[in-house]
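Down below is the structure, laid out as structure tokens.
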Number of protein chains: 4
Amino acid sequence: MNFASDTTAPAHPKVIEAIAAANDGPAASYGADETTARVRALLSNVFETEDFEFWICASGTASNALALSVMCSSVGAIACHEEAHIERDERGAPEFFTGGAKLRLLSGAVARIDEDTLRLALAKNDPGFVHETPLETLSLTNLTECGTAYSSETVSHYAALAKSAGLNVHLDGARLANALVSTGASPAQMTWQAGIDVLTLGLTKTGAIGCEIIVLFGEMRNQFDVLKARAKRSGHMPPKMRFLAAQAVAMLGDGLWLDLAAHANQKARQLADLLCAHEGVRLAYPTDGNEVFAILPEPMESLIRSGGVRCYPWPGGSYRFVTHWATPDRDLDAMRDLLAKT
Amino acid sequence: MNFASDTTAPAHPKVIEAIAAANDGPAASYGADETTARVRALLSNVFETEDFEFWICASGTASNALALSVMCSSVGAIACHEEAHIERDERGAPEFFTGGAKLRLLSGAVARIDEDTLRLALAKNDPGFVHETPLETLSLTNLTECGTAYSSETVSHYAALAKSAGLNVHLDGARLANALVSTGASPAQMTWQAGIDVLTLGLTKTGAIGCEIIVLFGEMRNQFDVLKARAKRSGHMPPKMRFLAAQAVAMLGDGLWLDLAAHANQKARQLADLLCAHEGVRLAYPTDGNEVFAILPEPMESLIRSGGVRCYPWPGGSYRFVTHWATPDRDLDAMRDLLAKT
Amino acid sequence: MNFASDTTAPAHPKVIEAIAAANDGPAASYGADETTARVRALLSNVFETEDFEFWICASGTASNALALSVMCSSVGAIACHEEAHIERDERGAPEFFTGGAKLRLLSGAVARIDEDTLRLALAKNDPGFVHETPLETLSLTNLTECGTAYSSETVSHYAALAKSAGLNVHLDGARLANALVSTGASPAQMTWQAGIDVLTLGLTKTGAIGCEIIVLFGEMRNQFDVLKARAKRSGHMPPKMRFLAAQAVAMLGDGLWLDLAAHANQKARQLADLLCAHEGVRLAYPTDGNEVFAILPEPMESLIRSGGVRCYPWPGGSYRFVTHWATPDRDLDAMRDLLAKT
Amino acid sequence: MNFASDTTAPAHPKVIEAIAAANDGPAASYGADETTARVRALLSNVFETEDFEFWICASGTASNALALSVMCSSVGAIACHEEAHIERDERGAPEFFTGGAKLRLLSGAVARIDEDTLRLALAKNDPGFVHETPLETLSLTNLTECGTAYSSETVSHYAALAKSAGLNVHLDGARLANALVSTGASPAQMTWQAGIDVLTLGLTKTGAIGCEIIVLFGEMRNQFDVLKARAKRSGHMPPKMRFLAAQAVAMLGDGLWLDLAAHANQKARQLADLLCAHEGVRLAYPTDGNEVFAILPEPMESLIRSGGVRCYPWPGGSYRFVTHWATPDRDLDAMRDLLAKT
């Protein structure tokens, strides 16, 4: 019963197959290969636009930080939720890649930025006041760190607020597929049509080995050369790019990424139901994606610890259970059996 | 006839196989998995010591820069050859990762630092003079950028000079296997026994997809926690580390890395002989590894360009031809046939 | 009626005299002059110890950031109050000088860090968890941004808590003199005896032109060479150091700095009494130093604006009035007359 | 006989007087004061243009680094002479302020960049090649580190070459006054009319306490807000700016800066003549300003050392003698008497 993280999952077999298939004779280095060219075509199809540039990166942390480094200057600030991955789990990567920009932390229930808090932060923002670091970027996360989703309408609304205050907007989509499946929004609706300027599209947690795509939409394409220079200097321009590209091709082709996310979301839903069937259990946050955060009565906590269930206690008192593309029914069955002992 | 670069080569099949084999069920994230544990055992065997720590990284640029960032402070300088990869081909990665350290460029024939130049730089170094940035680290490259090797005796001698001046010593081993095969030195002799404090062990150009290992020897183990923190913040701590580790296991197991380098070196030797059999051709630098730098007479240049030979014109007037683990005999045969037309 | 800021005040005449006196023939550059030597003797006397090193700097922002840059690594974090000057008013200087460290913001009434909040932050701190940036430094401010003082007992208590969690402790003393006068603590009691490792001793707001002293106590003396290197590279190593030193000599000699702070505090006290004598006025925070934060009834706000009183509206709804060494009685008299019109 | 450095000189009395005069009652902080406004008018007059913005800074190192930080991105490079102050004497300040840009070192006799070397560097520059750091800025120094001057024609010629290659052009004018007096060029001719985009105008070595002015000409005015933000975060935005401004007013008013430089140059000329009157002495570089670099016969070296002459041995085997506004005739007389003993 392993609900520790979607990063403990293996890669989907098609990803491995695609890597093996890409390993065919010589190929041009640094993204000039044919596999990388196929990624462009797939992204164009997925996002229903040609108005973008992209860069593939093995790391989610680096993808976020690289994206932010072309959006926010070293003397600017990035507004994000106080529980955002870029604040909590990236060891200062945004500060490092931007050359010292600040994160401005906004609160809000279930890891979604509260609208009033956002409005207040934007209203107070004064780029002309040299002593304080002004906001230049709003970074949203969807799926959030609490496993909740923003609807595309909310993303669009928040992006509009940010833009009217002169900010650009980043979307950390480490689990974007889960959010898309959950909300029913299309990739285009959730991103550029909603006003997202730069997207970090995660495929690692969805089922790849390590594959994230930074997508620059619209005018942000102007930053593509700088993005490449920053990718190069930070060690995120692999000579054998085709193997990163192969992962993207496997995941985006035939909608595999969304199918895998749908499976993960379904398993999370089932797990949540299974937990909530027991008295005293309640969900800390809505289960919008592939993460269940449950507050457990004391006896169940003991049972879970002693029963070999891999999951994490979470700040706030809940336990986090993560499902993924490969979560087997037998793990849910075993969980049901275990809980029956309470 | 593709002699463009060893990074255009595919990965060795055993690397792909190892990745597929590692894709077996859940595994702990961030290097706590079993495959990564096997890398430690292999490294211990390869380097004949337990006195080391290591970190695996997909990028050569990042591996060098991460290594240097725990060796040289932000107010220090790194001495290297003026043609070193860290100076010429990494877009300022050392400056970025160290937080603004400087590179001090030393000259020397065939991309090997001249001993007198090194001695002079060390003699002039004055850490007590606050205005000028003092040297803290010497970075050697073996194989060099001109495809030449340092003997382990020279590495040892230079390291001793550097240490007596208070510097620590880094070895950029992007093509270390080629240098080892060429010189006959053992990995231990060429590294910690010669006084190398931190090694960047490249396996990508040797035949992996993207796999470099930073090895901290001896007292530099104290920097391991900082190295991990810096790896994390720069996006070089992949959650699914097992897939990097699998590449290392495939390459280091049964000495595959050295066998592949031996093949590459042999093909380079054959190519060099083949070129030099023609009047007017001379080698710009000795062919100690898998790179041939040849100065060609005018008609041969035209022939090569028109004949579809992939190679690069190099600063100084030569052409660079790179061989690798997969360089087929047919490419050499075709080259022989082509040159016969002159 | 100018209560805008203590930085709008002129310098004390003795400061100007000292500068003129220092302008006597040639003097060694970069702090090797006799005036700088006198500062050492004065500091030794003021702090009752020889166990320190110091650096003089014209800028308070730089002094704080330089101090923090030798206390906290680029992959660490600094805990401070959410209203601290280093967070609010220094345009990311700590992030810049440290190479990307983070500030962790702690709350607490009247700009004093709440003890429970501090304890919680320290308890959660886990330097072994590589993903999150661990606290390395606690930065206190005395006088705080709300014009309140920490007692030396509280400083000592907080420093002990921080140290037991492995942190070192910085004191931003931009208005230290005001806090000393207010609390009755000696400079030694408020700093190294209380566990402060590095002090930023501000003299600018007290009455100098621009003169702050970074004092490294005890083991932090080991960081002195690095501090100088960082001062040099950031442009805070003036060749004609004697003119900075002269300001320090004037201020620290004969206790002038404390006398001037006592005057400023007294004027603030008088202003606070004068305001509070009117119905509806209440102080937002205790007046421990030279800053009065008063919440004013509507008619009084209008009167102050129309009457030419220079002061700042402050976040939280109060008005900030700052007094200083040169605040004349006539400004208080004028204020009394003005308020009499309500 | 103190020829150690122009930074060992006292400030000119008018500078002290101006500071005392500025110390008159309250004044707006951060450059909004009247004295700073007078600097603008004076600069406009000196440079015969209104098309500029400026920032006053106490530090030459910071002024250069701040200027470069708005001219060159963190992924770009700055071309300068290999002996330039920004390379040799600023402890990595340009790398620090730019966030990791590189310096590309050009050679040339007497610390003047060789034209062919410059042309070659520009010709090789390829901003589209992502692996190598491209040049974005050319930094010239006038007076050079060898005390030689560029004519305004050469500055203009070099600037045109740089601009045709897409670079912008910086002038380090730490001793600009000496170069102006020496060449007869006007400030306008030597700067914006010659194509200089950003000037660091030094007044410290000329006779101020610590006062340098960054002047952004023409389109570089667009960088003024970023310059201020960077000045703030690096601690170069003093609240009591009026005291920096007062120095500038004293120096620029009535052409004092040029008069003082003329005196310094004259004394250098006299010293050079005096030295060269002795057999075996020859100048290492032309004496274009206030620095004499002389290669001395052995007996004279001993005499100078034993005779209490303060001067520095210089790389290349010469001795550097620096004169300044306050160099007294008695020092020259004493020198003449001393040398008579050989």
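Each chain in the structure tokens gets a letter, A, B and so on, in the order shown; residues start at 1 in every chain, and ligands are counted from 1 in the order they appear.
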Mind dumping a table of every chain A residue within 8 Å of chain B, with the nearest atom pair and its distance in Å to one decimal, using only C-alpha atoms, sorted by chain and rising number, as a Markdown table?
```
| residue | atom | partner | partner_atom | distance |
| --- | --- | --- | --- | --- |
| A:Asn2 | CA | B:Pro26 | CA | 7.9 |
| A:Thr7 | CA | B:Pro239 | CA | 5.9 |
| A:Thr8 | CA | B:Pro26 | CA | 5.1 |
| A:Ala9 | CA | B:Pro26 | CA | 4.7 |
| A:Pro10 | CA | B:Asn23 | CA | 5.2 |
| A:Ala11 | CA | B:Asn23 | CA | 6.3 |
| A:Ile16 | CA | B:Ala20 | CA | 6.2 |
| A:Ile19 | CA | B:Ile16 | CA | 7.7 |
| A:Ala20 | CA | B:Ile16 | CA | 6.2 |
| A:Asn23 | CA | B:Pro10 | CA | 5.2 |
| A:Asp24 | CA | B:Pro10 | CA | 6.3 |
| A:Gly25 | CA | B:Pro10 | CA | 5.5 |
| A:Pro26 | CA | B:Ala9 | CA | 4.7 |
| A:Ala27 | CA | B:Thr8 | CA | 5.1 |
| A:Ala28 | CA | B:Thr8 | CA | 5.6 |
| A:Ser29 | CA | B:Thr8 | CA | 5.7 |
| A:Ala58 | CA | B:Pro238 | CA | 7.6 |
| A:Ser59 | CA | B:Gly235 | CA | 5.5 |
| A:Gly60 | CA | B:Gly235 | CA | 7.1 |
| A:Thr61 | CA | B:Gly235 | CA | 5.1 |
| A:Ala62 | CA | B:Gly235 | CA | 4.4 |
| A:Ser63 | CA | B:Gly235 | CA | 7.9 |
| A:Glu90 | CA | B:Arg233 | CA | 5.7 |
| A:Arg91 | CA | B:Arg233 | CA | 4.9 |
| A:Gly92 | CA | B:Arg233 | CA | 5.8 |
| A:Ala93 | CA | B:Arg233 | CA | 4.4 |
| A:Phe96 | CA | B:Arg233 | CA | 7.3 |
| A:Phe97 | CA | B:Ser234 | CA | 7.8 |
| A:Ile209 | CA | B:Lys240 | CA | 6.4 |
| A:Gly210 | CA | B:Lys240 | CA | 7.0 |
| A:Ala229 | CA | B:Arg91 | CA | 7.0 |
| A:Lys232 | CA | B:Arg91 | CA | 6.4 |
| A:Arg233 | CA | B:Ala93 | CA | 4.4 |
| A:Ser234 | CA | B:Ala93 | CA | 6.0 |
| A:Gly235 | CA | B:Ala62 | CA | 4.4 |
| A:His236 | CA | B:Ser59 | CA | 7.0 |
| A:Met237 | CA | B:Ser59 | CA | 7.8 |
| A:Pro238 | CA | B:Ser59 | CA | 6.3 |
| A:Pro239 | CA | B:Thr7 | CA | 6.0 |
| A:Lys240 | CA | B:Thr7 | CA | 6.3 |
| A:Phe243 | CA | B:Ile209 | CA | 7.2 |
```
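For Met335 (chain B), the set of protein, DNA and RNA residues having any atom at most 9 Å away, when counting only C-alpha atoms and skipping those fewer than 5 positions along the same chain, is B:Met1, B:Leu271, B:Leu274, B:Leu275, B:Ile304, B:Val309, B:Arg330, B:Ala340.
Residue nearest Glu34 (chain C) within the list C:Leu216, C:Val249, C:Leu332, C:Cys276: C:Val249 [criterion: smallest interatomic distance, only C-alpha atoms].
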Exercise for review: Please identify which residues in region 133-300 of chain C DSSP calls strand (DSSP E) from the backbone, and express them as a PyMOL selection string.
Suggested key: chain C and resi 135-141+168-173+198-202+212-217+282-283+291-295
- For region 79-81 of chain A, list every protein, DNA or RNA residue within 9 Å, evaluated using only C-alpha atoms, and leave out those in the same chain fewer than 6 positions away; present the list as an MDAnalysis selection string. chainID A and resid 87 102:108 111:114 118 121 135:141
Emit the selected residues as a CSV table (one decimal), in the first residue's frame, including N, CA and C atoms.
```csv
chain,number,residue,atom,x,y,z
A,87,GLU,N,7.9,27.9,-3.1
A,87,GLU,CA,8.3,28.5,-1.8
A,87,GLU,C,8.8,27.4,-0.8
A,102,LYS,N,12.4,38.1,-4.9
A,102,LYS,CA,11.7,37.7,-3.7
A,102,LYS,C,10.4,37.0,-4.0
A,103,LEU,N,10.0,36.1,-3.1
A,103,LEU,CA,8.6,35.6,-3.2
A,103,LEU,C,7.8,36.3,-2.2
A,104,ARG,N,6.6,36.7,-2.6
A,104,ARG,CA,5.6,37.4,-1.7
A,104,ARG,C,4.5,36.3,-1.4
A,105,LEU,N,4.4,36.0,-0.2
A,105,LEU,CA,3.5,34.8,0.1
A,105,LEU,C,2.1,35.3,0.4
A,106,LEU,N,1.1,34.7,-0.3
A,106,LEU,CA,-0.3,35.0,-0.1
A,106,LEU,C,-1.0,33.8,0.5
A,107,SER,N,-2.0,34.1,1.4
A,107,SER,CA,-2.7,33.0,2.1
A,107,SER,C,-3.9,32.7,1.3
A,108,GLY,N,-4.6,31.7,1.8
A,108,GLY,CA,-5.9,31.2,1.2
A,108,GLY,C,-6.1,29.8,1.5
A,111,ALA,N,-4.9,25.8,-0.1
A,111,ALA,CA,-3.8,26.1,-1.0
A,111,ALA,C,-4.1,26.9,-2.2
A,112,ARG,N,-5.4,27.4,-2.3
A,112,ARG,CA,-5.8,28.4,-3.3
A,112,ARG,C,-5.6,29.8,-2.8
A,113,ILE,N,-5.0,30.6,-3.6
A,113,ILE,CA,-4.9,32.0,-3.2
A,113,ILE,C,-6.3,32.6,-3.0
A,114,ASP,N,-6.5,33.3,-1.9
A,114,ASP,CA,-7.7,34.0,-1.6
A,114,ASP,C,-7.8,35.2,-2.5
A,118,LEU,N,-5.3,38.5,-2.8
A,118,LEU,CA,-4.6,38.8,-4.0
A,118,LEU,C,-4.9,40.3,-4.4
A,121,ALA,N,-2.9,42.6,-2.2
A,121,ALA,CA,-1.5,42.6,-2.6
A,121,ALA,C,-1.2,43.4,-3.9
A,135,LEU,N,5.9,43.6,-7.0
A,135,LEU,CA,5.5,42.4,-7.7
A,135,LEU,C,5.6,42.5,-9.2
A,136,GLU,N,6.2,41.5,-9.8
A,136,GLU,CA,6.2,41.5,-11.3
A,136,GLU,C,5.5,40.3,-11.9
A,137,THR,N,5.3,39.3,-11.0
A,137,THR,CA,4.8,38.0,-11.5
A,137,THR,C,3.8,37.4,-10.5
A,138,LEU,N,2.7,36.8,-11.0
A,138,LEU,CA,1.9,36.0,-10.2
A,138,LEU,C,2.1,34.6,-10.6
A,139,SER,N,2.4,33.7,-9.6
A,139,SER,CA,2.5,32.3,-9.9
A,139,SER,C,1.4,31.5,-9.3
A,140,LEU,N,0.6,30.8,-10.1
A,140,LEU,CA,-0.4,30.0,-9.6
A,140,LEU,C,0.0,28.5,-9.8
A,141,THR,N,-0.6,27.7,-9.0
A,141,THR,CA,-0.3,26.2,-9.0
A,141,THR,C,-1.6,25.5,-9.2
```
Residues near Ala41 (chain B), anyone? I mean within 12 Å using only C-alpha atoms, not counting same-chain ones fewer than 6 positions away, as a ChimeraX atom specification. /B:34-35,47-54,245,248-249,252-253
Skipping near chain neighbours, those fewer than 5 positions away, what residues fall within 8 Å of Trp325 (chain C) using only C-alpha atoms, listed as a compact mmCIF listing (two decimals) with C-alpha atoms, in the first residue's frame?
```txt
# COMPACT_ATOMS: atom_id res chain seq x y z
CA ALA C 9 17.89 65.67 9.94
CA HIS C 12 25.46 66.83 14.28
CA THR C 206 21.34 59.03 15.38
CA GLY C 207 23.17 62.00 13.90
CA LEU C 260 21.56 62.46 20.92
CA ALA C 261 19.32 59.42 21.19
CA HIS C 263 17.16 63.88 23.20
CA ALA C 264 15.27 62.20 20.37
```
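All residues of protein, DNA or RNA that reach within 12 Å of Arg221 (chain C), judged by only C-alpha atoms and not counting those fewer than 2 positions away in the chain, are C:Glu50, C:Asp51, C:Phe52, C:Glu53, C:Phe54, C:Trp55, C:Ala67, C:Val70, C:Met71, C:Asp197, C:Val198, C:Ile214, C:Val215, C:Leu216, C:Phe217, C:Gly218, C:Glu219, C:Gln223, C:Phe224, C:Asp225, C:Val226, C:Leu227, C:Lys228.
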- Could you give me, as an MDAnalysis selection string, each residue of region 5-247 of chain C that DSSP assigns to alpha helix (DSSP H) when run on this structure's backbone? chainID C and resid 13:22 34:47 60:69 85:88 93:98 115:124 152:164 176:183 187:190 224:233 242:247
Give me the residues within 12 Å of region 155-157 of chain B as a ChimeraX atom specification, counting only C-alpha atoms and dropping any in the same chain fewer than 5 places off. /B:112-113,115,118-119,138-143,149-150,162-164,169-172,179,183,185,188-197
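Interatomic distance, CA of Arg310 (chain B) to CA of Ala334 (chain B): 12.4 Å.
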